[in-house]
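Below is one structure, written out as structure tokens; the observations come after it.
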Amino acid sequence: MEYRRREILGASATGIAAAVAGCLGSGGDGGEAGIAGEELALATTTSTYDTGLLDEVNAAFQERFGTPVAANAQGTGAAIESARNGNADVILVHARSQEDEFMRDGHGVNRRDLMFNDFVIVGPSDDPAGVGDTEQATAAFDAIANAQAPFVSRGDDSGTHTKELAIWDAAGVEPGGEWYQELGQGMGNTLNNASESGSYTLADRGTFLSMQDNVDLEILLQGPIEGGPELLANPYGIMAVNPEIHSNVNYQLAMAYIGFFTSPAGQDVVSNYTANGQQLFYPEALSEDPDFQQYVPEGWQSDGDSE
Amino acid sequence: MPFESIADPTYLRSIVRVSLTVSLTAVLLSTALSLPIAFAVGFSEFRGKRLITAVINTGMGFPSVVVGLLVLMALSSSGPFGSLELVYTPEAMILSQCVLAAPVITGVALSSVESVDEAVRDAAYGVGGTRADVALITLKEARFGVVTGVLAGFGRAISEVGSVLIVGGNIAYADGTSKTRTITTAITLETRRGEFETALVLGAVLLALVLLVNGVVMRLGGR
């Protein structure tokens, strides 16, 4: 059975790679005769891993293709950096600006929109800054800054940190002072810290929901999933590491993984995954309308000379 | 089961196995490397001996995250040894733990060799022993110190988290088997997820293991 699965994987990986990339080029001769003993190196964010979603997806992928996935959960910034150094085959992250830079520098290929959830602003239930009365993320951050209420920041170049900085920027506030603390830690640690110190923080809904029982925090401003501001949207993207730059990466396996994750089967795993009875992520890869923006940096336009 | 759970015996067994395999291999390798150095330095007198001793002793306090960072940069695919494809593997973790444990083992073994009473060596010479005989006698006298050094090296290796997190990546597969997840990195993961009880249980398992290894070695050492 094992052997047949590998055969199927070999065939589908080649098929997917050929279909998407159009041409296999030199990628087909990198000693890829068999994939026995191979595994896929995935660099990803703590939110996808710590919530448990990736274990579900990776188990389904392994069942289908017989190849285990080695998921290295860091922040988005760290995941992208390790891919830049050729230490990952595929990355799953959530900071479009950093993804675009990665793509522009030629390190990534075949970026796909994968799924989304949203960010929420959480804090102590007595809400000293009155965040619960605001309706915009910028107004909420403004209120926190005005009240000089304690706020803990991830401070780790992660997707959540990138979003937080974008909100401060949009609010026109330069955070600083005793009330603003950068932790340099993952989402879970940051939520623990906010809970212990009675601080506000920005959290992705998935991690917050999966940890809700362990922390003394409340959602004070909802994201777009619950009717909150669009600025708190949290889209995840997936992309393969460019085999032209890093010849050691397993490009075909990476494309098989992206193909699986964005397929109806993979997207079903995403929509069926719940924690405490609540859905954490929403599939975004399949749509009736074409979305060409997902493949290129945001706002990218052709120079016209190739048209 | 949405996430690996401590209640899942395969998961726990597999991280314990990775922890023990990595740390025991690292300690064996660094012992093989350290003891000859300790004896060579301990049995001879030369200029700069104090400097060498100082360097070894400084190495005992080398921060594990720095070792992890250096090993990661060396083994990274774009680094000098990238072609070995060792980044995020147990082998990389063994390498960084070797670097961490070696100075501890060397330092403690060296000091125990040197603290063997001069009278013992003189006596060995006095009864007509050769240089080799004297060295053998000294080793015999110093053996408990040497064993202590090896145990201290093991303690440093299995309890450190900084370097294995960086070079290993704390990776476990979806079926709950660990690739580079050790007890210590699992504790950081569980703490991050707010699962303090699970983290505590893992901490207790780690302590019990260290105790067990110490007990076995002490028993073998005849003490």
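Naming works like this for the structure tokens: A, B, ... for the chains as they're shown, residue 1 at the start of each chain, ligands 1 onward in shown order.
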
Margin query: Would you mind listing, as JSON, numbers by chain, all residues of chain B that have at least one atom within 10 Å of chain A, where only C-alpha atoms are what counts?
Written below: {"B": [1, 2, 3, 4, 73, 75, 76, 77, 78, 79, 82, 83, 85, 86, 87, 88, 168, 169, 170, 171, 172, 173, 174, 175, 176, 178, 179, 180, 188, 189, 190, 191, 192, 193, 194, 195, 196]}

Next item on the list: Run DSSP on the backbone and grab whatever in region 69-131 of chain B lands in alpha helix (DSSP H); send it over as an MDAnalysis selection string.
Entry: chainID B and resid 69:75 90:114 118:126 131

Note to self: Under the rule that only C-alpha atoms are counted, which of B:Ser19, B:Ser64, B:Thr177, B:Thr106 is the nearest residue to Ala152 (chain B)?
What the structure shows: B:Thr106

Margin query: I want to know what sits within 7 Å of Phe154 (chain B), based on only C-alpha atoms, with residues of the same chain fewer than 2 positions away left out; could you give that as a PyMOL selection string?
Written below: chain B and resi 23+27+101+150-152+156-158

Checklist line | Contacts of Ile183 (chain B) at 10 Å (only C-alpha atoms; same-chain gap of 6+ positions) as a PyMOL selection string | finding: chain B and resi 12+14-20+158-161+170+189+199+202-203+205-206

Export, as a PDB file, in the first residue's frame, the selected residues with N, CA and C atoms.
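And here is the file that came out, result.pdb:
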```
ATOM      1  N   LEU B  12       4.234  11.202  24.268  1.00  0.00           N
ATOM      2  CA  LEU B  12       5.155  11.372  25.393  1.00  0.00           C
ATOM      3  C   LEU B  12       6.393  10.493  25.198  1.00  0.00           C
ATOM      4  N   SER B  14       7.644   9.384  22.520  1.00  0.00           N
ATOM      5  CA  SER B  14       8.497   9.802  21.421  1.00  0.00           C
ATOM      6  C   SER B  14       9.316  11.051  21.763  1.00  0.00           C
ATOM      7  N   ILE B  15       8.752  11.991  22.529  1.00  0.00           N
ATOM      8  CA  ILE B  15       9.603  13.141  22.892  1.00  0.00           C
ATOM      9  C   ILE B  15      10.648  12.740  23.926  1.00  0.00           C
ATOM     10  N   VAL B  16      10.304  11.802  24.810  1.00  0.00           N
ATOM     11  CA  VAL B  16      11.305  11.324  25.769  1.00  0.00           C
ATOM     12  C   VAL B  16      12.441  10.633  25.018  1.00  0.00           C
ATOM     13  N   ARG B  17      12.057   9.856  23.991  1.00  0.00           N
ATOM     14  CA  ARG B  17      13.085   9.141  23.239  1.00  0.00           C
ATOM     15  C   ARG B  17      14.022  10.123  22.529  1.00  0.00           C
ATOM     16  N   VAL B  18      13.435  11.154  21.911  1.00  0.00           N
ATOM     17  CA  VAL B  18      14.283  12.137  21.223  1.00  0.00           C
ATOM     18  C   VAL B  18      15.202  12.834  22.228  1.00  0.00           C
ATOM     19  N   SER B  19      14.637  13.229  23.366  1.00  0.00           N
ATOM     20  CA  SER B  19      15.445  13.909  24.399  1.00  0.00           C
ATOM     21  C   SER B  19      16.628  13.050  24.812  1.00  0.00           C
ATOM     22  N   LEU B  20      16.332  11.792  25.139  1.00  0.00           N
ATOM     23  CA  LEU B  20      17.390  10.905  25.628  1.00  0.00           C
ATOM     24  C   LEU B  20      18.404  10.590  24.534  1.00  0.00           C
ATOM     25  N   ILE B 158      20.608  17.843  28.657  1.00  0.00           N
ATOM     26  CA  ILE B 158      19.194  17.458  28.600  1.00  0.00           C
ATOM     27  C   ILE B 158      18.275  18.557  29.109  1.00  0.00           C
ATOM     28  N   SER B 159      18.817  19.469  29.919  1.00  0.00           N
ATOM     29  CA  SER B 159      17.936  20.493  30.477  1.00  0.00           C
ATOM     30  C   SER B 159      17.951  21.785  29.679  1.00  0.00           C
ATOM     31  N   GLU B 160      18.827  21.887  28.671  1.00  0.00           N
ATOM     32  CA  GLU B 160      18.884  23.174  27.985  1.00  0.00           C
ATOM     33  C   GLU B 160      17.802  23.244  26.914  1.00  0.00           C
ATOM     34  N   VAL B 161      17.319  24.455  26.676  1.00  0.00           N
ATOM     35  CA  VAL B 161      16.236  24.604  25.714  1.00  0.00           C
ATOM     36  C   VAL B 161      16.613  25.586  24.616  1.00  0.00           C
ATOM     37  N   ASN B 170      11.751  22.335  17.229  1.00  0.00           N
ATOM     38  CA  ASN B 170      10.604  21.861  18.015  1.00  0.00           C
ATOM     39  C   ASN B 170       9.558  21.179  17.135  1.00  0.00           C
ATOM     40  N   LEU B 189       6.429  24.926  24.424  1.00  0.00           N
ATOM     41  CA  LEU B 189       5.218  24.929  23.590  1.00  0.00           C
ATOM     42  C   LEU B 189       3.957  24.918  24.455  1.00  0.00           C
ATOM     43  N   ALA B 199       2.633  21.260  31.011  1.00  0.00           N
ATOM     44  CA  ALA B 199       4.031  21.674  31.079  1.00  0.00           C
ATOM     45  C   ALA B 199       4.669  21.175  32.376  1.00  0.00           C
ATOM     46  N   LEU B 202       5.389  17.469  32.226  1.00  0.00           N
ATOM     47  CA  LEU B 202       6.596  17.246  31.437  1.00  0.00           C
ATOM     48  C   LEU B 202       7.844  17.573  32.255  1.00  0.00           C
ATOM     49  N   GLY B 203       7.759  18.647  33.036  1.00  0.00           N
ATOM     50  CA  GLY B 203       8.880  19.022  33.895  1.00  0.00           C
ATOM     51  C   GLY B 203       9.206  17.916  34.884  1.00  0.00           C
ATOM     52  N   VAL B 205       8.558  14.735  34.467  1.00  0.00           N
ATOM     53  CA  VAL B 205       9.137  13.630  33.702  1.00  0.00           C
ATOM     54  C   VAL B 205      10.631  13.876  33.471  1.00  0.00           C
ATOM     55  N   LEU B 206      10.963  15.116  33.124  1.00  0.00           N
ATOM     56  CA  LEU B 206      12.362  15.469  32.873  1.00  0.00           C
ATOM     57  C   LEU B 206      13.212  15.245  34.123  1.00  0.00           C
TER      58      LEU B 206
END
```

Next item on the list: For Arg219 (chain B), work out the shell of residues within 12 Å, counting only C-alpha atoms and skipping chain neighbours fewer than 5 positions away, then give it as a VMD selection string.
Entry: chain B and resid 144 147 212 to 214

Item checked: For CA of Leu211 (chain B) and CA of Thr138 (chain B), the interatomic separation in Å (one decimal) ->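 Interatomic distance here is 28.6 Å.
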
Check: Which one of B:Ala204, B:Val134, B:Ala124, B:Val113 sits closest to Gly42 (chain B) if you count only C-alpha atoms?
Finding: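 Nearest candidate to Gly42 (chain B) out of B:Ala204, B:Val134, B:Ala124, B:Val113: B:Val113.
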
Check: Of the candidates B:Ala102, B:Ala40, B:Ala54, B:Leu70, which shows the shortest atom-to-atom distance to Leu28 (chain B), using only C-alpha atoms?
Finding: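 Closest to Leu28 (chain B), using only C-alpha atoms: B:Ala102.
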
Item checked: Using only C-alpha atoms: which of A:Phe116, A:Phe151, A:Trp168, A:Phe102 has the shortest distance to Gly198 (chain A) -> A:Phe151

Next item on the list: Could you check which of B:Leu220, B:Asp117, B:Gly107, B:Pro36 is closest to Ile52 (chain B), using only C-alpha atoms?
Entry: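 Going through B:Leu220, B:Asp117, B:Gly107, B:Pro36 one by one, the smallest distance to Ile52 (chain B) is for B:Gly107.
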